[in-house]
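Q: Before I ask anything, here is the structure I am working with.
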Amino acid sequence: SGGVPCKINHGSINNNLDWDKPPVEIGYDPLLFHCFEGLMETEHPYAFVAFQGLKEMLQADGAAEKTLPLVPKLVVCVKTALMSSNPNIYMKGLDALQSLTELVGEN
C-alpha cells in the first residue's frame, strides 16, 4: 500500500511498465497526480516511471472520467514543468500537456 502499482520491465531495446493491475482498474487519485509531480524528476528510474505511468494512465479506457476531477491539480504540475530551465523536463511537460488536452478537451 502506498507504492506504485507497477515495476519496470527492462526489455532488450525499450523499458516498459508492468502493472500489477491494468491502469483501467487503478484509482487515479492520487496516483496520476504523483505521476504528474514526477515530471520534475530527473533521476532514473523515477523519471521513467512517472512519465511512462502518466502516459499509460491517460491512454487507458475510461481515463477521461477519472482524470477530469484531477485537472486543476495536474495543471499546476504541468505549469511547473513548463517553467523549468531543464529542456528534458520542459519537453515532458509539453508532452503531458498535449496528452491531457487530447484526453479531456474543453471539459
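Chain lettering (A, B, ...) mirrors the order of the C-alpha cells, residue numbering begins at 1 for each chain separately, and ligand numbering begins at 1 in order of display.
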Compile the contact shell of range 34-45 of chain A as a list in words: residues with an atom at most 10 Å away, counting only C-alpha atoms, same-chain residues fewer than 6 positions apart removed.

A: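 Once the adjacent positions are removed, what remains is Val4, Lys7, Ile8, Tyr28, Phe51, Gln52, Gly53, Leu54, Lys55, Met57, Lys73, Leu74, Val75, Val76, Cys77, Val78, Thr80, Ala81, Leu82, Ser84, Asn86, Asn88, Ile89, Tyr90, Met91, Lys92, Gly93 and Ala96 of chain A.
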
Q: Would you save the residues of that selection, restricted to N, CA, C and O atoms, as a tab-separated table (two decimals), in the first residue's frame?

A:
```tsv
chain	number	residue	atom	x	y	z
A	4	VAL	N	3.87	2.37	-5.85
A	4	VAL	CA	3.45	2.47	-7.25
A	4	VAL	C	3.08	1.07	-7.72
A	4	VAL	O	3.89	0.14	-7.58
A	7	LYS	N	6.05	-2.10	-12.05
A	7	LYS	CA	7.51	-2.23	-12.00
A	7	LYS	C	8.04	-2.08	-13.42
A	7	LYS	O	7.31	-2.22	-14.39
A	8	ILE	N	9.32	-1.79	-13.51
A	8	ILE	CA	9.94	-1.62	-14.82
A	8	ILE	C	10.31	-2.99	-15.38
A	8	ILE	O	10.93	-3.80	-14.70
A	28	TYR	N	-7.24	6.67	-9.88
A	28	TYR	CA	-6.34	7.70	-10.41
A	28	TYR	C	-5.94	8.74	-9.37
A	28	TYR	O	-4.96	9.44	-9.55
A	51	PHE	N	6.78	9.46	-15.92
A	51	PHE	CA	6.33	9.88	-17.26
A	51	PHE	C	5.60	8.76	-17.99
A	51	PHE	O	4.52	8.97	-18.56
A	52	GLN	N	6.15	7.56	-17.96
A	52	GLN	CA	5.51	6.44	-18.64
A	52	GLN	C	4.18	6.11	-17.97
A	52	GLN	O	3.20	5.79	-18.64
A	53	GLY	N	4.15	6.21	-16.64
A	53	GLY	CA	2.91	5.94	-15.92
A	53	GLY	C	1.81	6.91	-16.29
A	53	GLY	O	0.68	6.51	-16.54
A	54	LEU	N	2.13	8.20	-16.36
A	54	LEU	CA	1.09	9.17	-16.71
A	54	LEU	C	0.63	8.96	-18.14
A	54	LEU	O	-0.57	9.06	-18.43
A	55	LYS	N	1.55	8.64	-19.05
A	55	LYS	CA	1.15	8.40	-20.44
A	55	LYS	C	0.19	7.21	-20.53
A	55	LYS	O	-0.84	7.28	-21.20
A	57	MET	N	-1.61	5.83	-18.13
A	57	MET	CA	-2.87	6.07	-17.43
A	57	MET	C	-3.80	6.95	-18.26
A	57	MET	O	-5.01	6.71	-18.32
A	73	LYS	N	-5.34	20.15	-10.29
A	73	LYS	CA	-4.07	19.82	-9.64
A	73	LYS	C	-3.01	19.44	-10.68
A	73	LYS	O	-1.83	19.77	-10.50
A	74	LEU	N	-3.40	18.76	-11.74
A	74	LEU	CA	-2.45	18.33	-12.76
A	74	LEU	C	-1.87	19.51	-13.51
A	74	LEU	O	-0.68	19.52	-13.86
A	75	VAL	N	-2.70	20.52	-13.75
A	75	VAL	CA	-2.25	21.70	-14.49
A	75	VAL	C	-1.13	22.43	-13.73
A	75	VAL	O	-0.20	22.94	-14.34
A	76	VAL	N	-1.21	22.44	-12.42
A	76	VAL	CA	-0.15	23.07	-11.62
A	76	VAL	C	1.19	22.35	-11.87
A	76	VAL	O	2.23	23.00	-12.04
A	77	CYS	N	1.15	21.04	-11.92
A	77	CYS	CA	2.37	20.26	-12.18
A	77	CYS	C	2.92	20.54	-13.58
A	77	CYS	O	4.13	20.68	-13.76
A	78	VAL	N	2.02	20.60	-14.55
A	78	VAL	CA	2.44	20.88	-15.93
A	78	VAL	C	3.04	22.27	-16.02
A	78	VAL	O	4.09	22.47	-16.64
A	80	THR	N	4.53	23.97	-13.72
A	80	THR	CA	5.86	23.94	-13.09
A	80	THR	C	6.89	23.34	-14.05
A	80	THR	O	8.00	23.87	-14.18
A	81	ALA	N	6.53	22.26	-14.74
A	81	ALA	CA	7.45	21.64	-15.69
A	81	ALA	C	7.76	22.58	-16.85
A	81	ALA	O	8.90	22.66	-17.31
A	82	LEU	N	6.75	23.31	-17.31
A	82	LEU	CA	6.96	24.23	-18.43
A	82	LEU	C	7.80	25.44	-18.06
A	82	LEU	O	8.36	26.11	-18.94
A	84	SER	N	10.45	25.09	-16.18
A	84	SER	CA	11.78	24.56	-15.87
A	84	SER	C	12.81	25.01	-16.90
A	84	SER	O	12.52	25.10	-18.09
A	86	ASN	N	15.36	23.14	-17.39
A	86	ASN	CA	15.86	21.86	-17.89
A	86	ASN	C	15.06	21.49	-19.13
A	86	ASN	O	13.85	21.31	-19.06
A	88	ASN	N	14.76	18.76	-20.83
A	88	ASN	CA	14.07	17.46	-20.78
A	88	ASN	C	12.77	17.57	-19.98
A	88	ASN	O	11.75	17.01	-20.37
A	89	ILE	N	12.83	18.28	-18.88
A	89	ILE	CA	11.62	18.47	-18.08
A	89	ILE	C	10.60	19.31	-18.85
A	89	ILE	O	9.41	19.00	-18.88
A	90	TYR	N	11.07	20.35	-19.51
A	90	TYR	CA	10.18	21.20	-20.32
A	90	TYR	C	9.48	20.37	-21.40
A	90	TYR	O	8.26	20.47	-21.57
A	91	MET	N	10.23	19.52	-22.10
A	91	MET	CA	9.64	18.71	-23.17
A	91	MET	C	8.65	17.69	-22.61
A	91	MET	O	7.60	17.44	-23.22
A	92	LYS	N	8.95	17.10	-21.46
A	92	LYS	CA	8.00	16.18	-20.83
A	92	LYS	C	6.73	16.94	-20.43
A	92	LYS	O	5.62	16.40	-20.55
A	93	GLY	N	6.90	18.18	-19.98
A	93	GLY	CA	5.73	18.99	-19.64
A	93	GLY	C	4.85	19.27	-20.85
A	93	GLY	O	3.63	19.20	-20.77
A	96	ALA	N	3.07	16.02	-21.74
A	96	ALA	CA	1.99	15.75	-20.79
A	96	ALA	C	0.80	16.67	-21.04
A	96	ALA	O	-0.35	16.24	-20.99
```

Q: According to DSSP computed on the backbone, where in chain A is there helix (DSSP H, G or I)? Give the residues as a PyMOL selection string.

A: chain A and resi 23-25+31-40+46-59+63-82+87-104

Q: Mind checking DSSP for range 2-85 of chain A and telling me the strand (DSSP E or B) residues as a list of chain:residue names?

A: A:Cys6, A:Lys7, A:Ile8, A:Asn9, A:His10, A:Asn15, A:Asn16, A:Leu17, A:Asp18, A:Trp19

Q: Can I get the selected residues back with N, CA, C and O atoms, as a short mmCIF file (atom, residue, chain, number, x, y, z; two decimals), in the first residue's frame?

A:
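Written file, out_33.cif:
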```cif
data_model
loop_
_atom_site.label_atom_id
_atom_site.label_comp_id
_atom_site.auth_asym_id
_atom_site.auth_seq_id
_atom_site.Cartn_x
_atom_site.Cartn_y
_atom_site.Cartn_z
N CYS A 6 3.28 -0.78 -10.16
CA CYS A 6 3.91 -1.28 -11.38
C CYS A 6 5.40 -1.43 -11.12
O CYS A 6 5.93 -0.96 -10.13
N LYS A 7 6.05 -2.10 -12.05
CA LYS A 7 7.51 -2.23 -12.00
C LYS A 7 8.04 -2.08 -13.42
O LYS A 7 7.31 -2.22 -14.39
N ILE A 8 9.32 -1.79 -13.51
CA ILE A 8 9.94 -1.62 -14.82
C ILE A 8 10.31 -2.99 -15.38
O ILE A 8 10.93 -3.80 -14.70
N ASN A 9 9.91 -3.21 -16.62
CA ASN A 9 10.33 -4.39 -17.37
C ASN A 9 11.46 -3.92 -18.27
O ASN A 9 11.24 -3.19 -19.22
N HIS A 10 12.68 -4.33 -17.94
CA HIS A 10 13.86 -3.91 -18.71
C HIS A 10 13.97 -4.78 -19.95
O HIS A 10 14.57 -5.85 -19.92
N ASN A 15 12.46 0.03 -22.24
CA ASN A 15 11.87 -0.28 -20.95
C ASN A 15 10.36 -0.09 -21.05
O ASN A 15 9.88 0.79 -21.77
N ASN A 16 9.62 -0.90 -20.32
CA ASN A 16 8.17 -0.79 -20.26
C ASN A 16 7.74 -0.91 -18.82
O ASN A 16 8.51 -1.36 -17.98
N LEU A 17 6.50 -0.56 -18.54
CA LEU A 17 5.94 -0.77 -17.22
C LEU A 17 5.09 -2.03 -17.22
O LEU A 17 4.30 -2.26 -18.14
N ASP A 18 5.28 -2.84 -16.20
CA ASP A 18 4.41 -3.99 -15.96
C ASP A 18 3.54 -3.61 -14.76
O ASP A 18 4.03 -3.44 -13.65
N TRP A 19 2.25 -3.45 -15.01
CA TRP A 19 1.31 -3.02 -13.98
C TRP A 19 0.85 -4.22 -13.17
O TRP A 19 0.62 -5.30 -13.73
#
```

Q: Mind giving me the straight-line distance from CA of Ala60 in chain A to CA of Pro30 in chain A in Å, one decimal?

A: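 Straight-line distance from CA of Ala60 in chain A to CA of Pro30 in chain A works out to 16.2 Å.
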
Q: So what do you get for CA of Asp20 in chain A versus CA of Glu102 in chain A, distance-wise?

A: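 Pair CA of Asp20 in chain A / CA of Glu102 in chain A returns 26.2 Å.
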
Q: So the first atom is CA of Gly105 in chain A and the second is CA of Ala63 in chain A; what is the distance between them in Å, to one decimal place?

A: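 Atom-to-atom, CA of Gly105 in chain A to CA of Ala63 in chain A, that is 12.5 Å.
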
Q: Just the residues within 10 Å of range 65-67 of chain A, please, counting only C-alpha atoms, with nothing from its chain fewer than 5 positions along; format it as a ChimeraX atom specification.

A: /A:24,26-29,32-33,57-58,72,74,100,103-104
